[in-house]
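Pasting work-v4.pdb here (PDB, C-alpha atoms):
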```
MODEL        1
ATOM      1  CA  MET E   1      82.178  93.985  74.483
ATOM      2  CA  HIS E   2      85.830  92.991  74.499
ATOM      3  CA  ASP E   3      87.405  89.783  75.694
ATOM      4  CA  THR E   4      89.042  89.566  79.098
ATOM      5  CA  HIS E   5      92.573  89.584  77.651
ATOM      6  CA  ALA E   6      91.953  92.815  75.749
ATOM      7  CA  ALA E   7      90.430  94.480  78.808
ATOM      8  CA  LEU E   8      93.283  93.324  81.068
ATOM      9  CA  THR E   9      95.820  94.577  78.547
ATOM     10  CA  ALA E  10      94.062  97.941  78.387
ATOM     11  CA  TRP E  11      93.952  98.314  82.177
ATOM     12  CA  LEU E  12      97.603  97.312  82.524
ATOM     13  CA  THR E  13      98.515  99.836  79.831
ATOM     14  CA  LEU E  14      96.726 102.599  81.746
ATOM     15  CA  LEU E  15      98.259 101.517  85.061
ATOM     16  CA  ARG E  16     101.758 101.632  83.590
ATOM     17  CA  ALA E  17     101.311 105.113  82.090
ATOM     18  CA  LEU E  18     103.389 107.860  83.655
ATOM     19  CA  GLN E  19     101.732 110.835  85.329
ATOM     20  CA  LEU E  20      98.263 109.347  85.087
ATOM     21  CA  ASN E  21      95.918 109.329  88.069
ATOM     22  CA  SER E  22      92.559 107.799  88.874
ATOM     23  CA  ALA E  23      90.626 111.025  88.361
ATOM     24  CA  THR E  24      91.953 111.454  84.815
ATOM     25  CA  ILE E  25      91.248 107.833  83.901
ATOM     26  CA  LEU E  26      87.726 107.935  85.319
ATOM     27  CA  ALA E  27      86.943 111.243  83.612
ATOM     28  CA  ALA E  28      88.120 109.791  80.289
ATOM     29  CA  LEU E  29      86.080 106.639  80.825
ATOM     30  CA  THR E  30      82.916 108.655  81.474
ATOM     31  CA  GLN E  31      83.344 110.091  77.993
ATOM     32  CA  CYS E  32      84.548 106.908  76.303
ATOM     33  CA  ASN E  33      82.747 104.182  78.347
ATOM     34  CA  ASP E  34      85.176 101.490  77.195
ATOM     35  CA  VAL E  35      88.691 100.901  78.507
ATOM     36  CA  VAL E  36      89.864  99.075  75.373
ATOM     37  CA  ALA E  37      88.576 101.825  73.082
ATOM     38  CA  LEU E  38      90.224 104.415  75.328
ATOM     39  CA  THR E  39      93.626 102.801  74.835
ATOM     40  CA  HIS E  40      93.140 102.996  71.066
ATOM     41  CA  HIS E  41      92.562 106.760  70.997
ATOM     42  CA  SER E  42      95.101 108.954  69.231
ATOM     43  CA  ARG E  43      97.582 111.013  71.229
ATOM     44  CA  ALA E  44      95.653 114.169  70.329
ATOM     45  CA  SER E  45      92.385 112.632  71.484
ATOM     46  CA  LEU E  46      93.963 111.456  74.747
ATOM     47  CA  HIS E  47      95.420 114.919  75.295
ATOM     48  CA  ALA E  48      91.933 116.389  74.781
ATOM     49  CA  LEU E  49      90.687 113.972  77.467
ATOM     50  CA  GLY E  50      93.213 115.409  79.934
ATOM     51  CA  PHE E  51      96.111 112.997  79.515
ATOM     52  CA  VAL E  52      99.542 114.596  79.796
ATOM     53  CA  PRO E  53     101.877 114.031  76.801
ATOM     54  CA  ALA E  54     103.931 111.323  78.593
ATOM     55  CA  ALA E  55     100.790 109.303  79.373
ATOM     56  CA  ALA E  56      99.395 109.732  75.869
ATOM     57  CA  ALA E  57     102.718 108.616  74.344
ATOM     58  CA  HIS E  58     102.799 105.547  76.597
ATOM     59  CA  ILE E  59      99.261 104.556  75.660
ATOM     60  CA  ALA E  60      99.962 105.057  71.965
ATOM     61  CA  HIS E  61     103.026 102.782  72.200
ATOM     62  CA  PRO E  62     102.779 100.652  75.357
ATOM     63  CA  PRO E  63     105.780  98.527  76.349
ATOM     64  CA  ALA E  64     104.594  95.171  75.010
ATOM     65  CA  ALA E  65     107.166  93.109  76.940
ATOM     66  CA  THR E  66     106.222  94.754  80.230
ATOM     67  CA  ILE E  67     102.514  94.261  79.632
ATOM     68  CA  GLU E  68     103.133  90.597  78.731
ATOM     69  CA  ARG E  69     105.101  90.125  81.982
ATOM     70  CA  ASP E  70     102.216  91.697  83.890
ATOM     71  CA  LEU E  71      99.708  89.380  82.189
ATOM     72  CA  HIS E  72     101.922  86.384  82.948
ATOM     73  CA  TRP E  73     102.198  87.426  86.604
ATOM     74  CA  LEU E  74      98.416  87.749  86.886
ATOM     75  CA  ALA E  75      97.908  84.307  85.369
ATOM     76  CA  SER E  76     100.650  82.550  87.329
ATOM     77  CA  SER E  77      99.961  84.161  90.723
ATOM     78  CA  GLY E  78      96.216  83.696  90.665
ATOM     79  CA  ALA E  79      95.797  87.432  91.221
ATOM     80  CA  THR E  80      92.814  89.345  89.891
ATOM     81  CA  LEU E  81      92.975  92.881  88.559
ATOM     82  CA  LEU E  82      89.931  94.652  89.945
ATOM     83  CA  PRO E  83      89.381  98.053  88.279
ATOM     84  CA  LEU E  84      87.583 100.882  90.033
ATOM     85  CA  THR E  85      84.753 100.471  87.512
ATOM     86  CA  ALA E  86      84.078  96.838  88.536
ATOM     87  CA  PRO E  87      80.867  96.196  90.474
ATOM     88  CA  THR E  88      82.871  94.264  93.090
ATOM     89  CA  TYR E  89      85.326  97.118  93.768
ATOM     90  CA  PRO E  90      84.964  97.959  97.484
ATOM     91  CA  PRO E  91      82.447 100.827  97.738
ATOM     92  CA  GLN E  92      84.123 102.340 100.807
ATOM     93  CA  LEU E  93      87.417 102.559  98.944
ATOM     94  CA  ALA E  94      85.742 103.897  95.780
ATOM     95  CA  ALA E  95      84.231 106.710  97.845
ATOM     96  CA  ILE E  96      87.567 108.243  98.827
ATOM     97  CA  ALA E  97      89.215 111.019  96.856
ATOM     98  CA  ASP E  98      91.677 109.608  94.321
ATOM     99  CA  ALA E  99      90.861 105.972  95.064
ATOM    100  CA  PRO E 100      93.242 103.503  93.438
ATOM    101  CA  VAL E 101      92.193 102.985  89.829
ATOM    102  CA  ALA E 102      92.680  99.248  90.266
ATOM    103  CA  LEU E 103      93.467  96.673  92.907
ATOM    104  CA  PHE E 104      95.468  93.503  92.529
ATOM    105  CA  VAL E 105      93.630  90.934  94.608
ATOM    106  CA  LEU E 106      94.886  87.578  95.813
ATOM    107  CA  GLY E 107      91.877  85.659  97.041
ATOM    108  CA  ASP E 108      88.131  85.899  96.785
ATOM    109  CA  THR E 109      87.161  89.337  95.422
ATOM    110  CA  THR E 110      83.616  88.987  96.792
ATOM    111  CA  LEU E 111      85.043  89.274 100.310
ATOM    112  CA  LEU E 112      85.853  92.901  99.546
ATOM    113  CA  MET E 113      82.137  93.648  99.912
ATOM    114  CA  GLN E 114      82.159  92.436 103.530
ATOM    115  CA  PRO E 115      83.108  94.470 106.634
ATOM    116  CA  GLN E 116      86.892  94.743 106.645
ATOM    117  CA  LEU E 117      89.742  95.645 108.899
ATOM    118  CA  ALA E 118      93.338  96.183 107.890
ATOM    119  CA  VAL E 119      96.034  94.798 110.140
ATOM    120  CA  VAL E 120      99.342  96.612 109.839
ATOM    121  CA  GLY E 121     102.466  95.126 111.328
ATOM    122  CA  SER E 122     106.213  95.189 111.347
ATOM    123  CA  ARG E 123     108.307  94.370 108.301
ATOM    124  CA  GLU E 124     110.545  92.291 110.579
ATOM    125  CA  PRO E 125     108.309  90.733 113.234
ATOM    126  CA  THR E 126     109.581  88.529 116.015
ATOM    127  CA  ALA E 127     108.330  84.957 116.298
ATOM    128  CA  ALA E 128     106.022  86.080 119.111
ATOM    129  CA  GLY E 129     104.784  88.955 116.938
ATOM    130  CA  ARG E 130     103.967  86.563 114.106
ATOM    131  CA  ARG E 131     102.028  84.285 116.474
ATOM    132  CA  PHE E 132     100.134  87.250 117.928
ATOM    133  CA  ALA E 133      99.265  88.602 114.456
ATOM    134  CA  ALA E 134      98.041  85.176 113.330
ATOM    135  CA  GLN E 135      95.880  84.809 116.442
ATOM    136  CA  LEU E 136      94.545  88.365 116.084
ATOM    137  CA  ALA E 137      93.624  87.791 112.426
ATOM    138  CA  THR E 138      91.966  84.469 113.309
ATOM    139  CA  ASN E 139      89.915  86.121 116.059
ATOM    140  CA  LEU E 140      88.895  89.008 113.803
ATOM    141  CA  CYS E 141      87.803  86.598 111.066
ATOM    142  CA  GLY E 142      85.912  84.588 113.671
ATOM    143  CA  ALA E 143      84.049  87.779 114.580
ATOM    144  CA  GLY E 144      82.904  88.138 110.964
ATOM    145  CA  LEU E 145      85.479  90.643 109.711
ATOM    146  CA  VAL E 146      87.572  90.256 106.592
ATOM    147  CA  VAL E 147      91.215  90.971 107.341
ATOM    148  CA  THR E 148      92.669  92.995 104.477
ATOM    149  CA  SER E 149      96.347  93.384 103.706
ATOM    150  CA  GLY E 150      97.949  95.910 101.413
ATOM    151  CA  LEU E 151     100.743  93.452 100.689
ATOM    152  CA  ALA E 152     103.232  96.280 101.058
ATOM    153  CA  ARG E 153     106.172  93.972 100.792
TER
ENDMDL
END
```

Mind turning the file's structure into structure tokens?
Amino acid sequence: MHDTHAALTAWLTLLRALQLNSATILAALTQCNDVVALTHHSRASLHALGFVPAAAAHIAHPPAATIERDLHWLASSGATLLPLTAPTYPPQLAAIADAPVALFVLGDTTLLMQPQLAVVGSREPTAAGRRFAAQLATNLCGAGLVVTSGLAR
């Protein structure tokens, strides 16, 4: 088993790879079973696992400064990287075709196992719109739903 830093670094490396999708990552992980070990495979081995040359090259030589910035952001923001392989990854989301390979979560990750509803709004709401959205979210939470946001902006 690897430490959390090594696993986070491996996931961030995979997430930053060009032309790499969830299906390819999950297929590779079913053969490798370890995200850290996967990121230490040779380019040829990654290619054999279905990785395109650009993705294999990225994984062989990840941009260290970018990965360090990502790790710093995770630590300073309080965000959690929740990979698709985590037991707390939302099962409804995992069931869709090409589910996101990882989520960046601000807040309690255990809430993702509860009934959820996404509230989508305007990028430039009016003051009345903001008040309405806040009241709507409060009422939904009061009814036992978790209000989920994609944090698009």

*Do a neighbour search on Thr148 of chain E at 7 Å with all atoms listed in the file, toss out local chain neighbours closer than 4 positions, and write the hits as a list in words.*
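Once the adjacent positions are removed, what remains is Gln116, Leu117, Ala118 and Val119 of chain E.
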
_For this structure, which residues satisfy the selection - the PyMOL selection byres ((chain E and resi 107) around 8) - when it is evaluated on the file as given? I want them as a count of residues only._
6

*Quick one: of E:Gln19, E:Ala64, E:Leu84, E:Ala137, who's nearest to Gly50 of chain E, counting all atoms listed in the file?*
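For Gly50 of chain E, the nearest of the given residues is E:Gln19.
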
*Which residues, protein or nucleic acid, reach to within 12 Å of (94.9, 95.4, 81.1) in the file's coordinates when using all atoms listed in the file, and can you give that as a ChimeraX atom specification?*
/E:2-17,35-36,38-39,59,62,64,66-72,74,80-83,101-104

*asked:* I'd like the contact shell of Val147 of chain E - 12 Å cut-off, all atoms listed in the file, skipping same-chain residues fewer than 5 positions apart - returned as a list in words.
replied: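 Counting all atoms listed in the file, the residues come to Gly107, Leu111, Leu112, Gln114, Pro115, Gln116, Leu117, Ala118, Val119, Val120, Ala133, Ala134, Gln135, Leu136, Ala137, Thr138, Asn139, Leu140, Cys141 and Gly142 of chain E.
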
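Atom CA of Ala37 of chain E to atom CA of Leu49 of chain E spans 13.1 Å [interatomic distance, one decimal].
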
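The protein and nucleic acid residues lying at most 12 Å from segment 98-100 of chain E are Leu15, Leu20, Asn21, Ser22, Ala23, Thr24, Ile25, Leu26, Ala27, Leu81, Leu82, Pro83, Leu84, Thr85, Tyr89, Pro90, Pro91, Gln92, Leu93, Ala94, Ala95, Leu103, Phe104 and Gly150 of chain E, with all atoms listed in the file considered and sequence neighbours fewer than 3 positions away removed.
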
*Please, what distance in Å, to one decimal, runs between atom CA of Ser45 of chain E and atom CA of Pro87 of chain E?*
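These two atoms are separated by 27.6 Å.
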